[in-house]
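Colleague: Have a look at this one before I ask anything.
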Amino acid sequence: MTRIAILGAGIAGLSSGWLLKKEGIDFVILEKQPYVGGLARSFEWHGFNCDFAAHRLFTSNESILQQMLNLVPMGRHVRRSRIYLKKHWMRDPLDVIELGLKLSFIERLKAAWSYINRPQSLSEGNFENYVVRRYGKSLYNLFFQPYTEKLFGIQGDQISALWARQKVRLANPLDLLRENTKTKFQYFYYPIRGGYGAIADQFYQEIRDQVILESTVTELKTAGGVVSHVIYQRDGEEIKLPVDAVISTLPMSVNAQMLGTNFQLQYQKVDAVYLLVNKPLVSDYHWIYFIDSDISINRLVEFKNMSPVDTPPTRTVLCAEVTQHHEQVINKVGDDLERVGLISRSDILDTKVVHENYAYPVYNQNYEDVLNEAYEFFDRFKNFHQLGRAAEFRHREVDDNFETALQTIQQIKQSIPLAVEKPLEEIPMIEKAKGAQIYAVILTYNHYKDTKECLETLFHSDYKDLKVVIADNGSSDNTPELIRRDFPMVHVIENRQNLGVPAGYNIGFQYALTNGADYILMLNNDTAIPPDMVTKLVDVAEKDQNTGIVMPKVLFYGSKDQVWSSGGRYRAFPPAILMTDKRYTSDDSVRLVEYAPSCGLLIHRRAFERAGLFDPGYFFLFDDWDFSERVRAHGLNIWYTPSTFMWHKISKTTKGPRSPLFWETSGASIARFYRRHGRPVWLSLPLHIGYVMLREFLWKRNWQYLPDYWRGVIAGLQKPLGSIPAGNTDKLSRLSR
């Protein structure tokens with residue numbers, strides 16, 4: 001059997017091993033440390049899962065994204081980051097308009113004059129010249145120079161222009177019209193549990209028998225233009241391992257030394273300084289960049305903002321990345337954070353420092369020539385592959401490493417005829433579940449007559465293994481008592497007050513999940529269903545292991561064919577979510593949809609476990625669009641099946657668009673939705689609000705509700721977004737896949 005030696009158990013090495021296992025190719029991973037994950041590892045400290053510095057997953061490669069989301073449940077975050085510059089807090093990426101507003105009058109004049117007179121003929125041979133030619137000397141000195149020199153520890157005129165081409169950016173309003181990129185992304189993904197290291201841990205769990213920890217590679221033996229043996233030490237013993245190929249994730253300079261040569265490649269160290277702070281939260285931001293050189297911190301991350309799940313409620317942990325050298329780095333970080341007003345020294349309960357020598361490749365002015373020479377040398381060894389940030393001497397993220405690992409494994413398959421090849425495992429079709437446990441959860445608030453009709457149709461369902469839960473939001477018409485009298489088999493939960501639609505439903509969802517529900521049938525109390533609806537929805541759900549939601553055709557109550565919703569879709573202009581997709585002229589086949597209205601949905605428990613429950617920050621309206629957005633963002637599918645249907649009476653409680661409550665809630669919900677799922681928020685929210693005003697208040701002359709609407713918009717913009725309630729309970733022992 002072919003043996004591949006992988007040097008290093010960081011993300012690059014672990015993902016390579018995981019992919020080799022899928023191909024049926026024998027391998028072993030050698031890792032010097034007693035842990036895995038490398039720079040993308042996490043560790044537990046004071047009840048928090050702490051990463052080594054700041055990490056996030058963003059990729060424009062949908063295939064890579066889906067594989068990552070299937071590997072580890074992750075939350076989708078709309079990016080919240082800030083820049084601290086010259087005692088001012090600013091948006092990230094830095095907005096040229098905001099920068100102009102924050103600068104003093106003299107600084108604005110200098111920046112404008114410097115930009116107008118920037119030297120267009122200046123050679124772009126280094127970082128400084130590249131930036132000065134585009135933005136002028138003043139902006140270079142103010143913004144670009146201090147942070148970059150702090151990051152690399154060398155002067156700007158010694159830094160390669162390649163770094164500038166990859167990283168230099170200033171935002172402007174037009175950026176909102178462009179696609180997300182590695183430097184200007186609006187959202188990202190992060191594991192729900194276990195920190196960013198959950199990705200490495202999942203890889204490790206599936207291949208741990210082929211990972212040897214605390215094993216130090218000391219030499220690579222070569223013969224005939226290939227690496228023939230890997231020499232490593234473990235427990236004081238030297239072991240000579242014959243190999244057919246090597247994938248090294250070790251620093252390129254270390255690889256060169258083991259192959260008998262040297263290259264002048266420089267790496268920058270990082271001190272990750274952790275502070276346990278006696279506050280529930282320090283800020284609302286995922287990370288903060290500190291530009292000024294007199295502040296030791298490059299970037300600050302607060303892990304609670306990445307995922308608050310299972311974290312202590314009264315404390316938080318900050319992690320400061322420091323590349324400068326300071327003898328008392330903890331004291332310096334504490335002083336800097338106090339100086340900028342984020343914390344007081346008295347808030348710090350405990351500290352910790354984790355040091356890494358090979359954190360960043362240093363792009364000095366000579367590195368490209370040295371790198372080309374190095375690649376020519378390594379190309380002599382046909383079975384030697386380098387993978388990862390330190391090995392490739394490139395700024396690489398987890399998705400980059402995974403994509404490169406895929407390419408590397410394909411090269412190995414083609415070059416080693418002895419490899420025992422096995423096709424990647426196909427995703428098996430889930431067999432139809434026998435007796436899947438379904439809980440129907442219905443939210444009530446008065447209108448018992450409607451609730452009674454809904455329950456009567458539900459109990460005529462041909463799906464027999466069906467339990468029913470009522471969550472009552474403080475009805476004043478004796479609804480809970482009447483249900484217990486007429487339907488003693490129904491479990492009634494009394495919330496005692498009107499919590500709003502999503503929060504009220506969440507109480508019922510939590511009960512159902514705790515009691516082992518495989519699916520939850522979410523129903524409005526003003527709906528009615530045919531006997532075969534539940535069975536047909538389950539049939540569709542069970543055919544796809546990535547099912548999150550299945551919805552039927554929703555008809556107006558009393559109608560035989562008048563469709564209220566066949567699945568929603570997003571319309572870019574004017575921005576809106578439409579209740580039906582009129583692009584489909586034929587409505588006779590099961591298809592994927594973007595949004596599912598919550599009047600009647602079959603929801604698999606994996607949707608709650610990955611995406612969380614409904615957002616209680618909504619009162620009603622847009623809470624189902626928000627949930628649909630998160631379900632899809634977690635790699636799950638929303639199916640629409642026209643072969644079954646249900647009836648919906650629509651808006652009896654809120655009285656629809658003729659109610660001040662409706663318009664105030666509409667304004668608040670629209671603002672909240674676009675803040676969390678901006679498309680982007682800068683553009684789509686004003687367009688959506690403007691469109692509603694033209695359509696509803698001008699064209700339809702509902703002008704009397706305009707004050708209510710604006711009151712809602714302002715409230716929606718001011719109310720903190722907060723975190724999504726986790727869709728897990730104490731009785732859950734696993735995450736569904």
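Chain identifiers are assigned as A, B, and so on, following the order in which chains appear in the structure tokens; residues are numbered from 1 within each chain, and ligands are numbered from 1 in order of appearance.
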Mind running region 332-450 of chain A against region 237-255 of chain A at 6 Å and telling me each contacting residue's nearest atom pair with the distance in Å (one decimal), counting only C-alpha atoms, chain and number ascending, as a tab-separated table?

Modeller:
residue	atom	partner	partner_atom	distance
A:Asn383	CA	A:Ala245	CA	4.7
A:Phe384	CA	A:Val246	CA	5.0
A:His385	CA	A:Ile247	CA	4.7
A:Gln386	CA	A:Ser248	CA	4.9
A:Leu387	CA	A:Thr249	CA	5.1
A:Gly388	CA	A:Thr249	CA	5.5
A:Ala390	CA	A:Pro251	CA	4.4
A:Ala391	CA	A:Pro251	CA	4.4

Colleague: Can you tell me which residues surround Phe622 (chain A) at a distance of at most 9 Å, considering only C-alpha atoms, apart from same-chain residues fewer than 6 positions away, and format the answer as number ranges by chain?

Modeller: A: 597, 666, 669-670, 672-673

Colleague: Taking C-alpha atoms for each residue, export the selection above as a PDB file, in the first residue's frame.

Modeller:
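Ended up saving to result.pdb:
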ATOM      1  CA  PRO A 597     -43.132  31.550   4.926  1.00  0.00           C
ATOM      2  CA  SER A 666     -42.779  46.163   9.486  1.00  0.00           C
ATOM      3  CA  SER A 669     -38.302  44.074  11.008  1.00  0.00           C
ATOM      4  CA  ILE A 670     -37.036  45.393   7.673  1.00  0.00           C
ATOM      5  CA  ARG A 672     -33.254  44.306  11.481  1.00  0.00           C
ATOM      6  CA  PHE A 673     -33.264  41.911   8.528  1.00  0.00           C
TER       7      PHE A 673
END

Colleague: List the neighbours of Val593 (chain A) out to 8 Å using only C-alpha atoms; skip same-chain residues closer than 3 positions along the sequence, and give me the result as a list in words.

Modeller: Gly567, Gly568, Arg569, Ala596, Ile638, Trp639 and Tyr640 of chain A

Colleague: Restricting the calculation to only C-alpha atoms, which member of A:Ile192, A:Val131, A:Val230, A:Ile25 is positioned closest to Gln166 (chain A)?

Modeller: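 The closest residue to Gln166 (chain A) is A:Val131.
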
Colleague: From a DSSP calculation on the backbone, collect every residue of region 538-593 of chain A in strand (DSSP E) and output the set as a PyMOL selection string.

Modeller: chain A and resi 547-556+563-565+569-571+576-578+591-592

Colleague: To one decimal place in Å, what is the distance between CA of Ala512 (chain A) and CA of Asn70 (chain A)?

Modeller: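 Between these atoms lies a distance of 24.3 Å.
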
Colleague: Find, counting only C-alpha atoms, the residue in A:Thr457, A:Gln410, A:Ser723, A:Ser566 that gets nearest to Glu23 (chain A).

Modeller: A:Gln410

Colleague: Using only C-alpha atoms, which residue out of A:Ile106, A:Leu7, A:Val333, A:Leu101 lies closest to Leu213 (chain A)?

Modeller: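 Among the listed residues, A:Leu7 lies closest to Leu213 (chain A).
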